[in-house]
file protein-v1.csv (CSV, C-alpha atoms and all ligand atoms)
chain,number,residue,atom,x,y,z
A,1,MET,CA,4.5,34.4,12.5
A,2,ARG,CA,6.6,31.4,11.5
A,3,VAL,CA,8.0,29.3,14.4
A,4,ILE,CA,9.8,26.0,14.6
A,5,PHE,CA,9.3,23.6,17.5
A,6,LEU,CA,12.4,21.5,17.9
A,7,GLY,CA,12.6,18.6,20.4
A,8,PRO,CA,12.8,14.9,20.8
A,9,PRO,CA,9.8,12.6,20.3
A,10,GLY,CA,7.6,12.7,23.4
A,11,SER,CA,8.8,16.2,24.6
A,12,GLY,CA,5.3,17.6,24.2
A,13,LYS,CA,5.7,19.6,21.0
A,14,GLY,CA,2.6,18.3,19.3
A,15,THR,CA,0.3,18.7,22.3
A,16,GLN,CA,1.6,22.3,22.9
A,17,ALA,CA,1.3,23.1,19.2
A,18,LYS,CA,-2.3,22.0,19.1
A,19,HIS,CA,-3.0,24.3,22.1
A,20,MET,CA,-1.1,27.2,20.5
A,21,GLU,CA,-3.2,26.9,17.2
A,22,LYS,CA,-6.2,28.2,19.2
A,23,VAL,CA,-4.2,30.9,20.9
A,24,PHE,CA,-2.3,32.4,17.9
A,25,LYS,CA,-4.7,31.3,15.1
A,26,ILE,CA,-1.9,29.8,13.0
A,27,PRO,CA,-1.8,26.1,12.0
A,28,GLN,CA,0.4,23.4,13.4
A,29,LEU,CA,2.2,21.7,10.5
A,30,SER,CA,3.3,18.3,11.8
A,31,THR,CA,5.2,16.2,9.2
A,32,GLY,CA,4.5,13.1,11.4
A,33,ASP,CA,0.7,13.7,11.1
A,34,LEU,CA,1.0,14.4,7.4
A,35,LEU,CA,3.0,11.2,6.9
A,36,ARG,CA,0.6,9.1,9.0
A,37,ALA,CA,-2.3,10.4,6.9
A,38,ALA,CA,-0.4,9.5,3.7
A,39,VAL,CA,0.2,6.0,5.1
A,40,LYS,CA,-3.5,5.6,6.0
A,41,ALA,CA,-4.6,6.8,2.6
A,42,GLU,CA,-2.1,4.3,1.1
A,43,SER,CA,-0.8,7.0,-1.3
A,44,ASP,CA,2.5,6.4,-3.2
A,45,LEU,CA,4.3,8.6,-0.6
A,46,GLY,CA,2.6,6.8,2.3
A,47,GLN,CA,3.7,3.4,0.9
A,48,GLU,CA,7.3,4.7,0.6
A,49,ALA,CA,7.3,6.2,4.1
A,50,LYS,CA,5.6,3.4,6.0
A,51,GLY,CA,8.5,1.0,6.5
A,52,HIS,CA,10.8,3.8,7.7
A,53,MET,CA,8.3,5.1,10.1
A,54,GLU,CA,7.4,1.8,11.6
A,55,ALA,CA,11.1,1.1,12.2
A,56,GLY,CA,11.5,4.5,13.9
A,57,ARG,CA,13.9,5.7,11.1
A,58,LEU,CA,13.7,9.1,9.4
A,59,VAL,CA,11.8,9.2,6.1
A,60,PRO,CA,14.1,10.3,3.2
A,61,ASP,CA,14.6,14.1,3.0
A,62,GLY,CA,13.2,14.4,-0.5
A,63,LEU,CA,9.8,12.9,0.4
A,64,VAL,CA,9.3,15.0,3.6
A,65,ILE,CA,10.5,18.2,2.0
A,66,SER,CA,8.1,18.1,-0.9
A,67,LEU,CA,5.3,17.2,1.4
A,68,ILE,CA,5.8,20.1,3.8
A,69,LEU,CA,6.5,22.7,1.0
A,70,GLU,CA,3.2,21.8,-0.6
A,71,ARG,CA,1.4,22.1,2.7
A,72,MET,CA,2.8,25.5,3.3
A,73,LYS,CA,1.2,26.8,0.1
A,74,GLU,CA,-2.3,26.3,1.5
A,75,SER,CA,-4.2,29.4,2.4
A,76,ASP,CA,-4.3,28.8,6.2
A,77,CYS,CA,-0.6,29.4,6.2
A,78,ALA,CA,-0.8,32.9,4.9
A,79,ASN,CA,-0.3,34.4,8.4
A,80,GLY,CA,2.2,31.9,9.5
A,81,PHE,CA,2.6,28.4,11.0
A,82,MET,CA,4.2,26.3,13.7
A,83,LEU,CA,6.4,23.6,12.3
A,84,ASP,CA,6.3,20.5,14.5
A,85,GLY,CA,8.7,17.7,13.6
A,86,PHE,CA,10.3,19.6,10.7
A,87,PRO,CA,13.1,20.2,9.9
A,88,ARG,CA,14.9,17.1,11.3
A,89,THR,CA,18.1,17.2,9.3
A,90,THR,CA,20.5,19.8,8.1
A,91,ILE,CA,19.4,19.3,4.5
A,92,GLN,CA,15.8,19.9,5.5
A,93,ALA,CA,16.7,23.1,7.5
A,94,GLU,CA,18.8,24.5,4.6
A,95,THR,CA,16.1,23.7,2.0
A,96,LEU,CA,13.4,25.3,4.2
A,97,GLU,CA,15.6,28.4,4.7
A,98,LYS,CA,16.0,28.8,0.9
A,99,ALA,CA,12.3,28.3,0.2
A,100,LEU,CA,11.3,30.9,2.8
A,101,GLU,CA,13.9,33.3,1.6
A,102,LYS,CA,12.5,33.1,-1.9
A,103,ASN,CA,9.1,34.1,-0.5
A,104,GLN,CA,10.6,36.7,1.8
A,105,SER,CA,9.0,35.1,4.7
A,106,PRO,CA,11.7,34.0,7.1
A,107,ILE,CA,11.4,32.1,10.3
A,108,ASP,CA,10.8,34.3,13.4
A,109,GLY,CA,12.2,31.9,15.9
A,110,VAL,CA,13.0,28.3,16.9
A,111,ILE,CA,11.9,26.9,20.3
A,112,GLU,CA,13.9,23.9,21.6
A,113,PHE,CA,12.0,21.7,24.1
A,114,LEU,CA,14.5,20.7,26.8
A,115,ILE,CA,13.8,17.4,28.5
A,116,ASP,CA,15.8,14.5,30.0
A,117,HIS,CA,15.9,11.7,27.4
A,118,GLU,CA,15.6,9.1,30.1
A,119,LYS,CA,12.0,10.1,30.8
A,120,LEU,CA,11.0,9.8,27.2
A,121,VAL,CA,10.8,6.1,26.9
A,122,GLU,CA,8.2,5.8,29.7
A,123,ARG,CA,6.2,8.7,28.2
A,124,LEU,CA,6.1,7.2,24.7
A,125,VAL,CA,5.5,3.6,25.6
A,126,GLY,CA,2.4,4.5,27.5
A,127,ARG,CA,1.1,7.1,24.9
A,128,ARG,CA,-2.2,6.4,23.3
A,129,ILE,CA,-3.6,8.6,20.5
A,130,CYS,CA,-7.1,9.3,19.1
A,131,PRO,CA,-7.3,8.0,15.5
A,132,LYS,CA,-9.4,11.0,14.7
A,133,GLY,CA,-6.9,13.5,15.9
A,134,HIS,CA,-8.6,14.6,19.2
A,135,GLY,CA,-5.3,14.4,21.1
A,136,GLU,CA,-3.3,11.9,23.1
A,137,TRP,CA,-3.5,10.3,26.5
A,138,HIS,CA,-1.1,8.3,28.7
A,139,ILE,CA,-2.1,5.0,30.4
A,140,LYS,CA,-0.4,6.1,33.6
A,141,PHE,CA,0.1,9.9,33.7
A,142,HIS,CA,-3.0,11.1,31.8
A,143,PRO,CA,-5.5,8.2,31.4
A,144,PRO,CA,-8.7,8.7,29.4
A,145,LEU,CA,-12.1,8.9,31.3
A,146,LYS,CA,-13.1,5.5,29.9
A,147,SER,CA,-10.4,2.9,29.5
A,148,ASN,CA,-8.7,3.1,26.1
A,149,LEU,CA,-11.4,5.4,24.5
A,150,CYS,CA,-11.1,9.0,23.3
A,151,ASP,CA,-12.7,11.4,25.8
A,152,THR,CA,-14.0,13.5,22.8
A,153,CYS,CA,-15.3,11.0,20.3
A,154,GLY,CA,-15.3,7.7,22.1
A,155,GLU,CA,-13.1,6.0,19.4
A,156,LYS,CA,-10.7,3.3,20.5
A,157,LEU,CA,-7.3,4.9,21.2
A,158,GLU,CA,-4.3,3.6,19.2
A,159,HIS,CA,-0.8,2.6,20.3
A,160,ARG,CA,1.4,4.0,17.5
A,161,ALA,CA,3.6,1.3,15.8
A,162,ASP,CA,6.7,3.4,16.6
A,163,ASP,CA,5.8,3.9,20.3
A,164,HIS,CA,7.4,0.5,21.3
A,165,GLU,CA,10.6,0.5,23.2
A,166,ASP,CA,13.0,-0.8,20.5
A,167,ARG,CA,11.7,1.8,18.0
A,168,ILE,CA,11.7,4.6,20.5
A,169,VAL,CA,15.4,3.9,21.1
A,170,THR,CA,16.0,4.2,17.3
A,171,ARG,CA,14.0,7.4,17.2
A,172,LEU,CA,15.9,9.0,20.0
A,173,LYS,CA,19.2,8.0,18.3
A,174,ALA,CA,18.0,9.6,15.1
A,175,TYR,CA,17.1,12.8,17.1
A,176,ARG,CA,20.6,12.9,18.7
A,177,ASP,CA,22.5,12.2,15.4
A,178,ASP,CA,20.5,14.1,12.8
A,179,THR,CA,18.2,16.7,14.6
A,180,GLU,CA,20.1,17.9,17.6
A,181,PRO,CA,22.8,19.6,15.4
A,182,LEU,CA,20.1,21.9,14.2
A,183,CYS,CA,20.1,23.6,17.6
A,184,GLN,CA,23.6,24.9,16.8
A,185,PHE,CA,22.5,25.7,13.2
A,186,TYR,CA,19.8,28.0,14.6
A,187,ARG,CA,21.8,29.3,17.5
A,188,ASP,CA,24.4,30.6,15.0
A,189,LYS,CA,21.6,32.5,13.3
A,190,GLY,CA,20.4,34.0,16.5
A,191,LEU,CA,17.0,32.3,16.3
A,192,LEU,CA,17.2,29.6,19.0
A,193,ASN,CA,15.2,29.9,22.2
A,194,THR,CA,14.9,27.2,24.9
A,195,LEU,CA,11.9,26.0,26.9
A,196,LYS,CA,12.0,23.7,29.9
A,197,ALA,CA,9.6,21.0,28.9
A,198,GLU,CA,9.4,19.1,32.2
A,199,GLY,CA,7.2,19.6,35.2
A,200,ASN,CA,3.9,21.4,35.5
A,201,ILE,CA,2.1,21.4,32.2
A,202,ALA,CA,0.2,24.6,32.8
A,203,GLU,CA,3.5,26.4,33.6
A,204,ILE,CA,5.1,25.1,30.4
A,205,THR,CA,2.1,26.2,28.3
A,206,ALA,CA,2.2,29.7,29.9
A,207,GLU,CA,6.0,30.0,29.3
A,208,LEU,CA,5.6,28.9,25.7
A,209,GLU,CA,2.8,31.3,25.1
A,210,ALA,CA,4.9,34.2,26.4
A,211,LEU,CA,7.8,33.1,24.3
A,212,ILE,CA,5.8,32.9,21.1
A,213,SER,CA,4.2,36.3,21.8
A,214,ARG,CA,7.7,37.8,22.2
A,215,LEU,CA,8.8,36.3,18.9
A,216,GLY,CA,5.8,37.8,17.1
A,217,ALA,CA,6.2,41.3,18.7
B,301,LIG,P1,6.6,12.3,14.8
B,301,LIG,O1,5.1,12.1,14.8
B,301,LIG,O2,7.0,13.7,14.6
B,301,LIG,O3,7.2,11.6,16.0
B,301,LIG,O4,7.1,11.5,13.5
B,301,LIG,C1,6.8,10.1,13.3
B,301,LIG,C2,7.8,9.6,12.3
B,301,LIG,O5,7.5,10.2,11.0
B,301,LIG,C3,9.3,9.8,12.5
B,301,LIG,O6,9.8,8.8,13.4
B,301,LIG,C4,9.8,9.6,11.1
B,301,LIG,O7,9.8,8.3,10.7
B,301,LIG,C5,8.8,10.4,10.3
B,301,LIG,N1,9.0,11.8,10.2
B,301,LIG,C6,8.3,12.8,10.7
B,301,LIG,N2,8.8,14.0,10.4
B,301,LIG,C7,10.0,13.7,9.7
B,301,LIG,C8,11.0,14.5,9.1
B,301,LIG,N3,11.0,15.9,9.2
B,301,LIG,N4,12.0,13.9,8.4
B,301,LIG,C9,12.0,12.6,8.3
B,301,LIG,N5,11.1,11.8,8.9
B,301,LIG,C10,10.1,12.3,9.5
call {"tool": "encode", "arguments": {"input": "protein-v1.csv", "output": "structure tokens", "more": "lines below"}}
Ligand code: AMP
result
Amino acid sequence: MRVIFLGPPGSGKGTQAKHMEKVFKIPQLSTGDLLRAAVKAESDLGQEAKGHMEAGRLVPDGLVISLILERMKESDCANGFMLDGFPRTTIQAETLEKALEKNQSPIDGVIEFLIDHEKLVERLVGRRICPKGHGEWHIKFHPPLKSNLCDTCGEKLEHRADDHEDRIVTRLKAYRDDTEPLCQFYRDKGLLNTLKAEGNIAEITAELEALISRLGA
């Protein structure tokens, strides 16, 4: 099963994808996570991407496309994957489509996370993440048990460089200008599904699980 999660930063795609990994036994492929790992490793790609990411701008298409196409070749993707944060531009969507067509493994569906953009700034400014990938918390809405420490490993939580208000505004603009048009791109292909991503988290999770099950049926 190959599914795309489409939605603005802070809409809960990443958190939900991590949960669905366990339910559907397919990996979450997050270009944001892959790029942050490259930045941490100080690889050539990471060094090229760093400035764009910290400013809240999109990383050039060529870099992201080769990164994700390589990741998709790994064995854990044999039964499918959930794409989180990719594609983000029309060029990325078209390139993905061609690559999957070549392998005769098309996308089964796209899920658009619907959320009021006004709420996202507060969500993202207060977000804190575990540097070891154990998840994310929020200083007000979902605080960790011990102040600023990961509940799972006890590491100090991080405030992402791009989770500051000015950069969040830039990221939301990039979403509206470059990524939102993909909703129509996938609607025209009959692949778009929508999910209300506000309100009770357990209900959103249940709704998403049912939606993915229908896509795979
Ligand atoms: P995310 O974790 O998905 O919010 O991504 C963090 C940052 O990584 C974005 O603001 C971009 O700078 C970069 N990024 C992630 N995915 C992409 C993509 N598909 N295309 C371009 N830049 C991306």
call {"tool": "closest_residue", "arguments": {"input": "protein-v1.csv", "among": "A:Phe141, A:Phe185, A:Phe5, A:Phe86", "to": "ligand LIG 301 (chain B)", "atoms": "all atoms listed in the file"}}
result
A:Phe86
call {"tool": "residues_near_ligand", "arguments": {"input": "protein-v1.csv", "ligand": "ligand LIG 301 (chain B)", "cutoff": "10 Å", "atoms": "all atoms listed in the file", "output": "VMD selection string"}}
result
chain A and resid 7 to 11 13 to 14 30 to 36 49 to 65 67 to 68 83 to 89 91 to 93 124 160 to 163 167 to 168 170 to 172 174 to 175 178 to 179
call {"tool": "residues_near_point", "arguments": {"input": "protein-v1.csv", "point": "(5.0, 5.6, 27.9)", "cutoff": "12 Å", "atoms": "all atoms listed in the file", "output": "VMD selection string"}}
result
chain A and resid 9 to 11 118 to 129 136 to 143 159 to 160 162 to 165 168
call {"tool": "atom_distance", "arguments": {"input": "protein-v1.csv", "atom1": "atom CA of A:Ile26", "atom2": "atom CA of A:Gly216"}}
result
11.8 Å
call {"tool": "decode", "arguments": {"input": "protein-v1.csv", "residues": "stretch 47-75 of chain A", "atoms": "N, CA and C atoms", "output": "PDB file, in the first residue's frame"}}
result
ATOM      1  N   GLN A  47      24.566  19.745   4.058  1.00  0.00           N
ATOM      2  CA  GLN A  47      25.114  21.100   4.053  1.00  0.00           C
ATOM      3  C   GLN A  47      24.386  21.990   3.051  1.00  0.00           C
ATOM      4  N   GLU A  48      23.959  21.391   1.934  1.00  0.00           N
ATOM      5  CA  GLU A  48      23.206  22.184   0.944  1.00  0.00           C
ATOM      6  C   GLU A  48      21.806  22.512   1.445  1.00  0.00           C
ATOM      7  N   ALA A  49      21.234  21.558   2.184  1.00  0.00           N
ATOM      8  CA  ALA A  49      19.834  21.721   2.610  1.00  0.00           C
ATOM      9  C   ALA A  49      19.689  22.647   3.812  1.00  0.00           C
ATOM     10  N   LYS A  50      20.707  22.689   4.660  1.00  0.00           N
ATOM     11  CA  LYS A  50      20.602  23.326   5.979  1.00  0.00           C
ATOM     12  C   LYS A  50      20.025  24.763   5.943  1.00  0.00           C
ATOM     13  N   GLY A  51      20.619  25.600   5.128  1.00  0.00           N
ATOM     14  CA  GLY A  51      20.202  27.007   5.094  1.00  0.00           C
ATOM     15  C   GLY A  51      18.736  27.156   4.695  1.00  0.00           C
ATOM     16  N   HIS A  52      18.318  26.381   3.697  1.00  0.00           N
ATOM     17  CA  HIS A  52      16.921  26.444   3.237  1.00  0.00           C
ATOM     18  C   HIS A  52      15.993  26.035   4.373  1.00  0.00           C
ATOM     19  N   MET A  53      16.357  24.957   5.057  1.00  0.00           N
ATOM     20  CA  MET A  53      15.478  24.424   6.109  1.00  0.00           C
ATOM     21  C   MET A  53      15.370  25.399   7.269  1.00  0.00           C
ATOM     22  N   GLU A  54      16.501  25.933   7.682  1.00  0.00           N
ATOM     23  CA  GLU A  54      16.466  26.843   8.842  1.00  0.00           C
ATOM     24  C   GLU A  54      15.674  28.107   8.533  1.00  0.00           C
ATOM     25  N   ALA A  55      15.670  28.498   7.258  1.00  0.00           N
ATOM     26  CA  ALA A  55      14.914  29.697   6.884  1.00  0.00           C
ATOM     27  C   ALA A  55      13.431  29.379   6.669  1.00  0.00           C
ATOM     28  N   GLY A  56      13.088  28.092   6.650  1.00  0.00           N
ATOM     29  CA  GLY A  56      11.691  27.710   6.432  1.00  0.00           C
ATOM     30  C   GLY A  56      11.330  27.599   4.958  1.00  0.00           C
ATOM     31  N   ARG A  57      12.368  27.656   4.090  1.00  0.00           N
ATOM     32  CA  ARG A  57      12.113  27.521   2.650  1.00  0.00           C
ATOM     33  C   ARG A  57      12.179  26.067   2.232  1.00  0.00           C
ATOM     34  N   LEU A  58      11.585  25.755   1.078  1.00  0.00           N
ATOM     35  CA  LEU A  58      11.706  24.399   0.555  1.00  0.00           C
ATOM     36  C   LEU A  58      13.134  24.166   0.067  1.00  0.00           C
ATOM     37  N   VAL A  59      13.594  22.946   0.228  1.00  0.00           N
ATOM     38  CA  VAL A  59      14.892  22.522  -0.291  1.00  0.00           C
ATOM     39  C   VAL A  59      14.702  22.274  -1.794  1.00  0.00           C
ATOM     40  N   PRO A  60      15.705  22.599  -2.651  1.00  0.00           N
ATOM     41  CA  PRO A  60      15.512  22.417  -4.096  1.00  0.00           C
ATOM     42  C   PRO A  60      15.045  21.000  -4.463  1.00  0.00           C
ATOM     43  N   ASP A  61      14.144  20.938  -5.455  1.00  0.00           N
ATOM     44  CA  ASP A  61      13.512  19.672  -5.848  1.00  0.00           C
ATOM     45  C   ASP A  61      14.509  18.544  -6.099  1.00  0.00           C
ATOM     46  N   GLY A  62      15.580  18.857  -6.849  1.00  0.00           N
ATOM     47  CA  GLY A  62      16.524  17.801  -7.245  1.00  0.00           C
ATOM     48  C   GLY A  62      17.082  17.060  -6.043  1.00  0.00           C
ATOM     49  N   LEU A  63      17.409  17.804  -4.990  1.00  0.00           N
ATOM     50  CA  LEU A  63      18.008  17.179  -3.797  1.00  0.00           C
ATOM     51  C   LEU A  63      17.013  16.247  -3.111  1.00  0.00           C
ATOM     52  N   VAL A  64      15.800  16.744  -2.953  1.00  0.00           N
ATOM     53  CA  VAL A  64      14.792  15.965  -2.212  1.00  0.00           C
ATOM     54  C   VAL A  64      14.361  14.736  -3.017  1.00  0.00           C
ATOM     55  N   ILE A  65      14.228  14.926  -4.326  1.00  0.00           N
ATOM     56  CA  ILE A  65      13.762  13.823  -5.165  1.00  0.00           C
ATOM     57  C   ILE A  65      14.760  12.659  -5.128  1.00  0.00           C
ATOM     58  N   SER A  66      16.055  12.972  -5.279  1.00  0.00           N
ATOM     59  CA  SER A  66      16.998  11.840  -5.286  1.00  0.00           C
ATOM     60  C   SER A  66      17.045  11.179  -3.915  1.00  0.00           C
ATOM     61  N   LEU A  67      16.899  11.968  -2.854  1.00  0.00           N
ATOM     62  CA  LEU A  67      16.917  11.410  -1.501  1.00  0.00           C
ATOM     63  C   LEU A  67      15.769  10.418  -1.304  1.00  0.00           C
ATOM     64  N   ILE A  68      14.580  10.794  -1.701  1.00  0.00           N
ATOM     65  CA  ILE A  68      13.414   9.939  -1.427  1.00  0.00           C
ATOM     66  C   ILE A  68      13.392   8.719  -2.377  1.00  0.00           C
ATOM     67  N   LEU A  69      13.814   8.909  -3.625  1.00  0.00           N
ATOM     68  CA  LEU A  69      13.796   7.762  -4.545  1.00  0.00           C
ATOM     69  C   LEU A  69      14.793   6.696  -4.089  1.00  0.00           C
ATOM     70  N   GLU A  70      15.912   7.134  -3.541  1.00  0.00           N
ATOM     71  CA  GLU A  70      16.885   6.171  -2.978  1.00  0.00           C
ATOM     72  C   GLU A  70      16.275   5.433  -1.795  1.00  0.00           C
ATOM     73  N   ARG A  71      15.613   6.187  -0.919  1.00  0.00           N
ATOM     74  CA  ARG A  71      15.024   5.592   0.297  1.00  0.00           C
ATOM     75  C   ARG A  71      13.972   4.538  -0.075  1.00  0.00           C
ATOM     76  N   MET A  72      13.223   4.813  -1.161  1.00  0.00           N
ATOM     77  CA  MET A  72      12.148   3.885  -1.564  1.00  0.00           C
ATOM     78  C   MET A  72      12.672   2.545  -2.069  1.00  0.00           C
ATOM     79  N   LYS A  73      13.968   2.510  -2.424  1.00  0.00           N
ATOM     80  CA  LYS A  73      14.542   1.254  -2.938  1.00  0.00           C
ATOM     81  C   LYS A  73      14.850   0.291  -1.806  1.00  0.00           C
ATOM     82  N   GLU A  74      14.815   0.766  -0.552  1.00  0.00           N
ATOM     83  CA  GLU A  74      15.196  -0.112   0.571  1.00  0.00           C
ATOM     84  C   GLU A  74      14.134  -1.182   0.793  1.00  0.00           C
ATOM     85  N   SER A  75      14.584  -2.312   1.372  1.00  0.00           N
ATOM     86  CA  SER A  75      13.728  -3.497   1.411  1.00  0.00           C
ATOM     87  C   SER A  75      12.453  -3.308   2.232  1.00  0.00           C
TER      88      SER A  75
END
